[in-house]
Amino acid sequence: MTEPRLHHVTCANPKGLHRMAYWEWGAQDNPRVVVCAHGLSRQGRDFDTLAQALSADFRVICPDVVGRGRSDWLPDPMLYAVPTYVADMVALLARLNVEQVSWVGTSMGGLIGLSLASLHAQGQVSPISRLVLNDVGPVIEFASLQRIGTYLGAPMRFPSVEAGAEFLWSISQSFGPHTPEQWLALSRPQFKPAPEGGWMFQYDPAIAVPFRAFTPEIAAFSEAMLWKAYDSVTAPTLLVRGQDSDLLSADTARAMGQRGPQAPCVEFAGVGHAPTLIADDQVACVREFLLA
C-alpha cells in the first residue's frame with residue numbers, strides 16, 4: 001500500500017456525538033492489529049512510514065485524535081483530555097471488532113495507550129497486548145510543557161504548505177535529522193486551506209485551552225495517577241526515548257525500567273522530543289518489538 005484507507009467512527013461526549021477519523025493500512029481481515037496514536041497537535045498520517053513497514057504483518061490503524069486531522073472538533077475545549085481520548089479508543093476497538101491490539105503511542109498518544117493498558121475488566125484480558133511508549137512516561141517535565149505552550153493554538157496562516165512546513169521545522173528540530181522530502185511529507189497533512197486564503201493548521205486551536213490550564217499542582221497529581229496506571233500495566237512494554245528529550249528525563253526512563261512492566265529503554269542519539277519513527281533504525285526497533 002502507498003496510501004491508507006480513511007474511515008470514521010462515531011463517539012460520545014457529554015454534549016453529544018462526534019466522529020473520529022482513522023487511517024487503515026494492511027489487510028482488513030488481519031487479526032493482528034497495531035494502533036498508532038500521535039502527539040498533542042499532530043495527526044494519524046505521522047505514522048505513514050512506520051505503518052507501511054508494518055502493513056505486511058499487521059492491520060495498522062492510525063487515528064486522528066478528536067480535534068485533530070480529519071476528526072470533528074469538540075464543543076467544549078475542556079473535553080480535550082485523556083479520559084475523552086480513551087473513551088474514543090474503546091469505541092474504535094469495538095468498531096475494529098478485536099479484543100486486543102498492540103499500541104504505539106507518541107507523547108500524548110503514549111499517555112492514551114498507557115491509560116488504556118492499565119484498565120482491566122473483570123475476567124477479561126487487557127485491551128493492549130504490547131505497548132510502545134514513544135518519549136513519554138508518568139513524569140512530564142513542566143519546562144517542556146511551557147515550551148510547547150508558546151506556540152500551541154496560535155492563530156497562524158501561511159501562504160503555502162511549504163512555508164508552513166518551514167515554520168514547523170523552526171519549532172521541531174528536536175525531532176532529529178530529516179531530509180527536506182521527509183519533512184515536507186510529514187508536515188503536509190498538518191495543514192488545510194484557510195477560509196480567508198492561505199493555509200492553517202489542521203487542529204482545533206481550542207486544544208490549547210486545557211493545556212494552558214495545566215499547573216505544577218495539576219502536574220503533580222497527574223504524575224501520581226500516571227505512576228499508578230503504569231504500575232498496573234501487564235503488557236510487555238518498550239520505552240523509546242530521544243537522548244536529548246526535554247519531556248521524558250533519563251531519570252524517569254530509568255525508573256520505568258525498574259517498576260511496573262519494567263520497560264527496557266532504547267535511546268536515539270541526536271533526537272529530542274520526540275522520535276518520529278521515520279528513520280530506518282527507529283522503524284526497525286519498533287517492528288522487532290511488535291513481532292517478538
# chains A, B, ... in the order shown; residues from 1 in each chain; ligands from 1

call {"tool": "residues_around", "arguments": {"residues": "Asp48 in chain A", "least_positions_apart": "4", "cutoff": "9 Å", "atoms": "only C-alpha atoms", "output": "list of chain:residue names"}}
result
A:Thr2, A:Glu3, A:Pro4, A:Trp25, A:Gly44, A:Gln52, A:Ala53, A:Cys62, A:Leu186, A:Ile278

call {"tool": "write_last_selection", "arguments": {"atoms": "C-alpha atoms", "output": "CSV table (one decimal), in the first residue's frame"}}
result
chain,number,residue,atom,x,y,z
A,2,THR,CA,1.1,3.5,-0.8
A,3,GLU,CA,-1.9,5.3,0.6
A,4,PRO,CA,-4.1,4.4,3.6
A,25,TRP,CA,-3.1,0.2,6.4
A,44,GLY,CA,-2.5,9.9,12.2
A,52,GLN,CA,3.9,0.9,5.6
A,53,ALA,CA,6.7,-1.1,7.2
A,62,CYS,CA,-3.7,5.4,12.8
A,186,LEU,CA,5.5,14.7,7.5
A,278,ILE,CA,10.7,7.5,10.2

call {"tool": "closest_atom_pairs", "arguments": {"of": "range 132-249 of chain A", "to": "range 72-83 of chain A", "cutoff": "9 Å", "atoms": "only C-alpha atoms", "output": "CSV"}}
result
residue,atom,partner,partner_atom,distance
A:Tyr203,CA,A:Trp73,CA,8.1
A:Asp204,CA,A:Trp73,CA,6.2
A:Ala206,CA,A:Pro77,CA,5.5
A:Ile207,CA,A:Tyr80,CA,6.0
A:Ala208,CA,A:Pro77,CA,8.2
A:Val209,CA,A:Pro77,CA,6.2
A:Pro210,CA,A:Met78,CA,5.5
A:Phe211,CA,A:Tyr80,CA,8.7

call {"tool": "write_last_selection", "arguments": {"atoms": "all heavy atoms", "output": "mmCIF file, in the first residue's frame"}}
result
data_model
loop_
_atom_site.group_PDB
_atom_site.id
_atom_site.type_symbol
_atom_site.label_atom_id
_atom_site.label_comp_id
_atom_site.auth_asym_id
_atom_site.auth_seq_id
_atom_site.Cartn_x
_atom_site.Cartn_y
_atom_site.Cartn_z
ATOM 1 N N TYR A 203 -5.809 21.479 13.179
ATOM 2 C CA TYR A 203 -6.257 21.073 14.511
ATOM 3 C C TYR A 203 -7.032 22.219 15.132
ATOM 4 O O TYR A 203 -6.878 23.383 14.738
ATOM 5 C CB TYR A 203 -5.093 20.619 15.413
ATOM 6 C CG TYR A 203 -4.114 21.711 15.841
ATOM 7 C CD1 TYR A 203 -4.403 22.589 16.880
ATOM 8 C CD2 TYR A 203 -2.873 21.831 15.218
ATOM 9 C CE1 TYR A 203 -3.519 23.557 17.283
ATOM 10 C CE2 TYR A 203 -1.964 22.808 15.611
ATOM 11 C CZ TYR A 203 -2.299 23.665 16.645
ATOM 12 O OH TYR A 203 -1.403 24.638 17.045
ATOM 13 N N ASP A 204 -7.885 21.881 16.077
ATOM 14 C CA ASP A 204 -8.705 22.876 16.752
ATOM 15 C C ASP A 204 -7.808 23.705 17.680
ATOM 16 O O ASP A 204 -7.197 23.144 18.601
ATOM 17 C CB ASP A 204 -9.801 22.159 17.554
ATOM 18 C CG ASP A 204 -10.759 23.126 18.239
ATOM 19 O OD1 ASP A 204 -10.564 24.350 18.145
ATOM 20 O OD2 ASP A 204 -11.713 22.624 18.879
ATOM 21 N N ALA A 206 -8.528 25.276 20.078
ATOM 22 C CA ALA A 206 -9.013 25.144 21.458
ATOM 23 C C ALA A 206 -8.348 24.018 22.228
ATOM 24 O O ALA A 206 -8.512 23.935 23.446
ATOM 25 C CB ALA A 206 -10.530 24.956 21.462
ATOM 26 N N ILE A 207 -7.566 23.145 21.552
ATOM 27 C CA ILE A 207 -6.844 22.129 22.323
ATOM 28 C C ILE A 207 -5.841 22.780 23.275
ATOM 29 O O ILE A 207 -5.394 22.153 24.244
ATOM 30 C CB ILE A 207 -6.118 21.104 21.428
ATOM 31 C CG1 ILE A 207 -5.004 21.757 20.609
ATOM 32 C CG2 ILE A 207 -7.113 20.375 20.514
ATOM 33 C CD1 ILE A 207 -4.146 20.776 19.841
ATOM 34 N N ALA A 208 -5.524 24.046 23.027
ATOM 35 C CA ALA A 208 -4.581 24.755 23.892
ATOM 36 C C ALA A 208 -5.225 25.197 25.198
ATOM 37 O O ALA A 208 -4.507 25.495 26.159
ATOM 38 C CB ALA A 208 -4.018 25.973 23.159
ATOM 39 N N VAL A 209 -6.554 25.251 25.253
ATOM 40 C CA VAL A 209 -7.232 25.779 26.459
ATOM 41 C C VAL A 209 -6.941 24.925 27.684
ATOM 42 O O VAL A 209 -6.437 25.437 28.696
ATOM 43 C CB VAL A 209 -8.743 25.918 26.202
ATOM 44 C CG1 VAL A 209 -9.463 26.328 27.487
ATOM 45 C CG2 VAL A 209 -9.006 26.942 25.095
ATOM 46 N N PRO A 210 -7.235 23.613 27.671
ATOM 47 C CA PRO A 210 -6.903 22.823 28.860
ATOM 48 C C PRO A 210 -5.398 22.692 29.056
ATOM 49 O O PRO A 210 -4.920 22.585 30.202
ATOM 50 C CB PRO A 210 -7.545 21.460 28.578
ATOM 51 C CG PRO A 210 -7.705 21.398 27.103
ATOM 52 C CD PRO A 210 -7.943 22.803 26.659
ATOM 53 N N PHE A 211 -4.644 22.722 27.965
ATOM 54 C CA PHE A 211 -3.194 22.619 28.074
ATOM 55 C C PHE A 211 -2.626 23.793 28.869
ATOM 56 O O PHE A 211 -1.769 23.618 29.748
ATOM 57 C CB PHE A 211 -2.588 22.568 26.676
ATOM 58 C CG PHE A 211 -1.115 22.324 26.656
ATOM 59 C CD1 PHE A 211 -0.617 21.033 26.716
ATOM 60 C CD2 PHE A 211 -0.218 23.380 26.565
ATOM 61 C CE1 PHE A 211 0.757 20.798 26.702
ATOM 62 C CE2 PHE A 211 1.151 23.153 26.552
ATOM 63 C CZ PHE A 211 1.641 21.861 26.612
#

call {"tool": "atom_distance", "arguments": {"atom1": "CA of Leu168 in chain A", "atom2": "CA of Gln190 in chain A"}}
result
9.5 Å

call {"tool": "select_by_dssp", "arguments": {"residues": "range 78-285 of chain A", "states": "strand (DSSP E)", "output": "JSON, numbers by chain"}}
result
{"A": [101, 102, 103, 104, 105, 106, 128, 129, 130, 131, 132, 133, 134, 191, 192, 193, 199, 200, 201, 237, 238, 239, 240, 241, 242, 265, 266, 267, 268]}

call {"tool": "closest_atom_pairs", "arguments": {"of": "range 89-145 of chain A", "to": "range 244-259 of chain A", "cutoff": "7 Å", "atoms": "only C-alpha atoms", "output": "JSON lines"}}
result
{"residue": "A:Asp135", "atom": "CA", "partner": "A:Leu248", "partner_atom": "CA", "distance": 5.8}
{"residue": "A:Val136", "atom": "CA", "partner": "A:Leu248", "partner_atom": "CA", "distance": 5.5}
{"residue": "A:Gly137", "atom": "CA", "partner": "A:Leu248", "partner_atom": "CA", "distance": 6.4}
{"residue": "A:Val139", "atom": "CA", "partner": "A:Thr252", "partner_atom": "CA", "distance": 6.5}
{"residue": "A:Ile140", "atom": "CA", "partner": "A:Leu247", "partner_atom": "CA", "distance": 5.5}
{"residue": "A:Glu141", "atom": "CA", "partner": "A:Leu247", "partner_atom": "CA", "distance": 5.0}
{"residue": "A:Ser144", "atom": "CA", "partner": "A:Leu247", "partner_atom": "CA", "distance": 5.3}

call {"tool": "write_last_selection", "arguments": {"atoms": "all heavy atoms", "output": "PDB file, in the first residue's frame"}}
result
ATOM      1  N   ASP A 135       8.777   8.317  23.873  1.00  0.00           N
ATOM      2  CA  ASP A 135       9.224   9.552  24.524  1.00  0.00           C
ATOM      3  C   ASP A 135       8.172  10.142  25.457  1.00  0.00           C
ATOM      4  O   ASP A 135       7.905  11.347  25.437  1.00  0.00           O
ATOM      5  CB  ASP A 135       9.652  10.595  23.486  1.00  0.00           C
ATOM      6  CG  ASP A 135      10.809  11.450  24.014  1.00  0.00           C
ATOM      7  OD1 ASP A 135      11.913  10.903  24.163  1.00  0.00           O
ATOM      8  OD2 ASP A 135      10.596  12.641  24.297  1.00  0.00           O
ATOM      9  N   VAL A 136       7.601   9.290  26.275  1.00  0.00           N
ATOM     10  CA  VAL A 136       6.645   9.765  27.265  1.00  0.00           C
ATOM     11  C   VAL A 136       6.579   8.778  28.423  1.00  0.00           C
ATOM     12  O   VAL A 136       6.836   7.583  28.246  1.00  0.00           O
ATOM     13  CB  VAL A 136       5.241   9.954  26.643  1.00  0.00           C
ATOM     14  CG1 VAL A 136       4.565   8.611  26.356  1.00  0.00           C
ATOM     15  CG2 VAL A 136       4.357  10.834  27.517  1.00  0.00           C
ATOM     16  N   GLY A 137       6.270   9.292  29.597  1.00  0.00           N
ATOM     17  CA  GLY A 137       6.142   8.457  30.778  1.00  0.00           C
ATOM     18  C   GLY A 137       5.297   9.151  31.823  1.00  0.00           C
ATOM     19  O   GLY A 137       4.704  10.202  31.558  1.00  0.00           O
ATOM     20  N   VAL A 139       6.109  10.909  34.360  1.00  0.00           N
ATOM     21  CA  VAL A 139       6.603  12.240  34.738  1.00  0.00           C
ATOM     22  C   VAL A 139       6.876  13.037  33.462  1.00  0.00           C
ATOM     23  O   VAL A 139       7.706  12.655  32.649  1.00  0.00           O
ATOM     24  CB  VAL A 139       7.890  12.147  35.572  1.00  0.00           C
ATOM     25  CG1 VAL A 139       8.340  13.546  35.994  1.00  0.00           C
ATOM     26  CG2 VAL A 139       7.686  11.259  36.793  1.00  0.00           C
ATOM     27  N   ILE A 140       6.149  14.134  33.305  1.00  0.00           N
ATOM     28  CA  ILE A 140       6.326  15.016  32.144  1.00  0.00           C
ATOM     29  C   ILE A 140       6.957  16.310  32.641  1.00  0.00           C
ATOM     30  O   ILE A 140       6.388  16.994  33.504  1.00  0.00           O
ATOM     31  CB  ILE A 140       4.977  15.291  31.454  1.00  0.00           C
ATOM     32  CG1 ILE A 140       4.384  13.972  30.934  1.00  0.00           C
ATOM     33  CG2 ILE A 140       5.139  16.292  30.321  1.00  0.00           C
ATOM     34  CD1 ILE A 140       2.990  14.100  30.389  1.00  0.00           C
ATOM     35  N   GLU A 141       8.125  16.619  32.129  1.00  0.00           N
ATOM     36  CA  GLU A 141       8.852  17.792  32.606  1.00  0.00           C
ATOM     37  C   GLU A 141       8.065  19.066  32.303  1.00  0.00           C
ATOM     38  O   GLU A 141       7.688  19.322  31.163  1.00  0.00           O
ATOM     39  CB  GLU A 141      10.237  17.853  31.958  1.00  0.00           C
ATOM     40  CG  GLU A 141      11.115  16.641  32.261  1.00  0.00           C
ATOM     41  CD  GLU A 141      11.368  16.469  33.750  1.00  0.00           C
ATOM     42  OE1 GLU A 141      11.646  17.487  34.423  1.00  0.00           O
ATOM     43  OE2 GLU A 141      11.297  15.321  34.235  1.00  0.00           O
ATOM     44  N   SER A 144       9.106  21.517  29.562  1.00  0.00           N
ATOM     45  CA  SER A 144       8.761  21.115  28.197  1.00  0.00           C
ATOM     46  C   SER A 144       7.348  21.550  27.850  1.00  0.00           C
ATOM     47  O   SER A 144       7.083  22.010  26.739  1.00  0.00           O
ATOM     48  CB  SER A 144       8.894  19.598  28.048  1.00  0.00           C
ATOM     49  OG  SER A 144       8.489  19.179  26.765  1.00  0.00           O
TER      50      SER A 144
END

call {"tool": "select_by_dssp", "arguments": {"residues": "range 86-286 of chain A", "states": "alpha helix (DSSP H)", "output": "ChimeraX atom specification"}}
result
/A:86-96,108-117,142-149,161-171,180-187,208-212,216-231,250-256,280-286

call {"tool": "write_last_selection", "arguments": {"atoms": "C-alpha atoms", "output": "PDB file, in the first residue's frame"}}
result
ATOM      1  CA  VAL A  86      -9.518   6.746  25.971  1.00  0.00           C
ATOM      2  CA  ALA A  87     -13.306   6.507  25.610  1.00  0.00           C
ATOM      3  CA  ASP A  88     -12.953   7.225  21.889  1.00  0.00           C
ATOM      4  CA  MET A  89     -10.370   4.463  21.547  1.00  0.00           C
ATOM      5  CA  VAL A  90     -12.688   1.982  23.261  1.00  0.00           C
ATOM      6  CA  ALA A  91     -15.287   2.846  20.607  1.00  0.00           C
ATOM      7  CA  LEU A  92     -12.605   2.383  17.954  1.00  0.00           C
ATOM      8  CA  LEU A  93     -11.661  -1.081  19.246  1.00  0.00           C
ATOM      9  CA  ALA A  94     -15.324  -2.069  19.171  1.00  0.00           C
ATOM     10  CA  ARG A  95     -15.548  -0.886  15.559  1.00  0.00           C
ATOM     11  CA  LEU A  96     -12.440  -2.893  14.677  1.00  0.00           C
ATOM     12  CA  MET A 108       0.076  12.206  24.132  1.00  0.00           C
ATOM     13  CA  GLY A 109      -0.661   9.036  22.166  1.00  0.00           C
ATOM     14  CA  GLY A 110       1.531   7.154  24.616  1.00  0.00           C
ATOM     15  CA  LEU A 111      -0.431   8.502  27.578  1.00  0.00           C
ATOM     16  CA  ILE A 112      -3.645   7.330  25.906  1.00  0.00           C
ATOM     17  CA  GLY A 113      -2.148   3.877  25.401  1.00  0.00           C
ATOM     18  CA  LEU A 114      -0.771   3.761  28.944  1.00  0.00           C
ATOM     19  CA  SER A 115      -4.183   4.659  30.361  1.00  0.00           C
ATOM     20  CA  LEU A 116      -5.937   2.070  28.195  1.00  0.00           C
ATOM     21  CA  ALA A 117      -3.376  -0.623  29.061  1.00  0.00           C
ATOM     22  CA  PHE A 142       6.955  21.030  33.211  1.00  0.00           C
ATOM     23  CA  ALA A 143       9.524  23.135  31.326  1.00  0.00           C
ATOM     24  CA  SER A 144       8.761  21.115  28.197  1.00  0.00           C
ATOM     25  CA  LEU A 145       5.059  21.857  28.570  1.00  0.00           C
ATOM     26  CA  GLN A 146       5.834  25.549  28.866  1.00  0.00           C
ATOM     27  CA  ARG A 147       7.897  25.387  25.670  1.00  0.00           C
ATOM     28  CA  ILE A 148       5.062  23.718  23.763  1.00  0.00           C
ATOM     29  CA  GLY A 149       2.585  26.233  25.152  1.00  0.00           C
ATOM     30  CA  VAL A 161       2.203  24.373   2.728  1.00  0.00           C
ATOM     31  CA  GLU A 162       5.943  24.709   2.174  1.00  0.00           C
ATOM     32  CA  ALA A 163       6.005  27.906   4.253  1.00  0.00           C
ATOM     33  CA  GLY A 164       4.048  26.140   6.982  1.00  0.00           C
ATOM     34  CA  ALA A 165       6.499  23.244   6.902  1.00  0.00           C
ATOM     35  CA  GLU A 166       9.378  25.698   7.317  1.00  0.00           C
ATOM     36  CA  PHE A 167       7.725  27.147  10.408  1.00  0.00           C
ATOM     37  CA  LEU A 168       7.143  23.671  11.841  1.00  0.00           C
ATOM     38  CA  TRP A 169      10.800  22.863  11.292  1.00  0.00           C
ATOM     39  CA  SER A 170      11.782  26.003  13.203  1.00  0.00           C
ATOM     40  CA  ILE A 171       9.983  24.692  16.304  1.00  0.00           C
ATOM     41  CA  PRO A 180      13.628  18.063   3.120  1.00  0.00           C
ATOM     42  CA  GLU A 181      11.443  15.472   1.368  1.00  0.00           C
ATOM     43  CA  GLN A 182      10.784  13.594   4.607  1.00  0.00           C
ATOM     44  CA  TRP A 183       9.926  16.783   6.466  1.00  0.00           C
ATOM     45  CA  LEU A 184       7.527  18.038   3.805  1.00  0.00           C
ATOM     46  CA  ALA A 185       5.777  14.651   3.669  1.00  0.00           C
ATOM     47  CA  LEU A 186       5.469  14.664   7.476  1.00  0.00           C
ATOM     48  CA  SER A 187       4.218  18.265   7.521  1.00  0.00           C
ATOM     49  CA  ALA A 208      -4.581  24.755  23.892  1.00  0.00           C
ATOM     50  CA  VAL A 209      -7.232  25.779  26.459  1.00  0.00           C
ATOM     51  CA  PRO A 210      -6.903  22.823  28.860  1.00  0.00           C
ATOM     52  CA  PHE A 211      -3.194  22.619  28.074  1.00  0.00           C
ATOM     53  CA  ARG A 212      -2.628  26.176  29.279  1.00  0.00           C
ATOM     54  CA  PRO A 216       2.596  22.418  38.648  1.00  0.00           C
ATOM     55  CA  GLU A 217      -0.029  21.275  41.166  1.00  0.00           C
ATOM     56  CA  ILE A 218      -2.086  19.555  38.468  1.00  0.00           C
ATOM     57  CA  ALA A 219       1.134  18.082  37.090  1.00  0.00           C
ATOM     58  CA  ALA A 220       1.984  16.558  40.475  1.00  0.00           C
ATOM     59  CA  PHE A 221      -1.484  14.998  40.783  1.00  0.00           C
ATOM     60  CA  SER A 222      -1.301  13.669  37.223  1.00  0.00           C
ATOM     61  CA  GLU A 223       2.132  12.211  37.903  1.00  0.00           C
ATOM     62  CA  ALA A 224       0.823  10.201  40.857  1.00  0.00           C
ATOM     63  CA  MET A 225      -2.110   8.896  38.814  1.00  0.00           C
ATOM     64  CA  LEU A 226       0.099   8.013  35.845  1.00  0.00           C
ATOM     65  CA  TRP A 227       2.558   6.088  38.015  1.00  0.00           C
ATOM     66  CA  LYS A 228      -0.381   4.154  39.446  1.00  0.00           C
ATOM     67  CA  ALA A 229      -1.527   3.374  35.908  1.00  0.00           C
ATOM     68  CA  TYR A 230       1.980   2.422  34.784  1.00  0.00           C
ATOM     69  CA  ASP A 231       2.443   0.084  37.737  1.00  0.00           C
ATOM     70  CA  ALA A 250      16.676   9.976  31.796  1.00  0.00           C
ATOM     71  CA  ASP A 251      15.777   9.549  35.484  1.00  0.00           C
ATOM     72  CA  THR A 252      12.136   8.834  34.642  1.00  0.00           C
ATOM     73  CA  ALA A 253      13.188   6.383  31.928  1.00  0.00           C
ATOM     74  CA  ARG A 254      15.375   4.523  34.440  1.00  0.00           C
ATOM     75  CA  ALA A 255      12.538   4.380  36.966  1.00  0.00           C
ATOM     76  CA  MET A 256      10.209   2.968  34.290  1.00  0.00           C
ATOM     77  CA  ASP A 280      15.286   3.141   9.498  1.00  0.00           C
ATOM     78  CA  ASP A 281      16.743   2.311  12.926  1.00  0.00           C
ATOM     79  CA  GLN A 282      13.677   3.695  14.711  1.00  0.00           C
ATOM     80  CA  VAL A 283      11.284   1.742  12.475  1.00  0.00           C
ATOM     81  CA  ALA A 284      13.307  -1.450  12.931  1.00  0.00           C
ATOM     82  CA  CYS A 285      13.308  -1.046  16.716  1.00  0.00           C
ATOM     83  CA  VAL A 286       9.512  -0.805  16.914  1.00  0.00           C
TER      84      VAL A 286
END
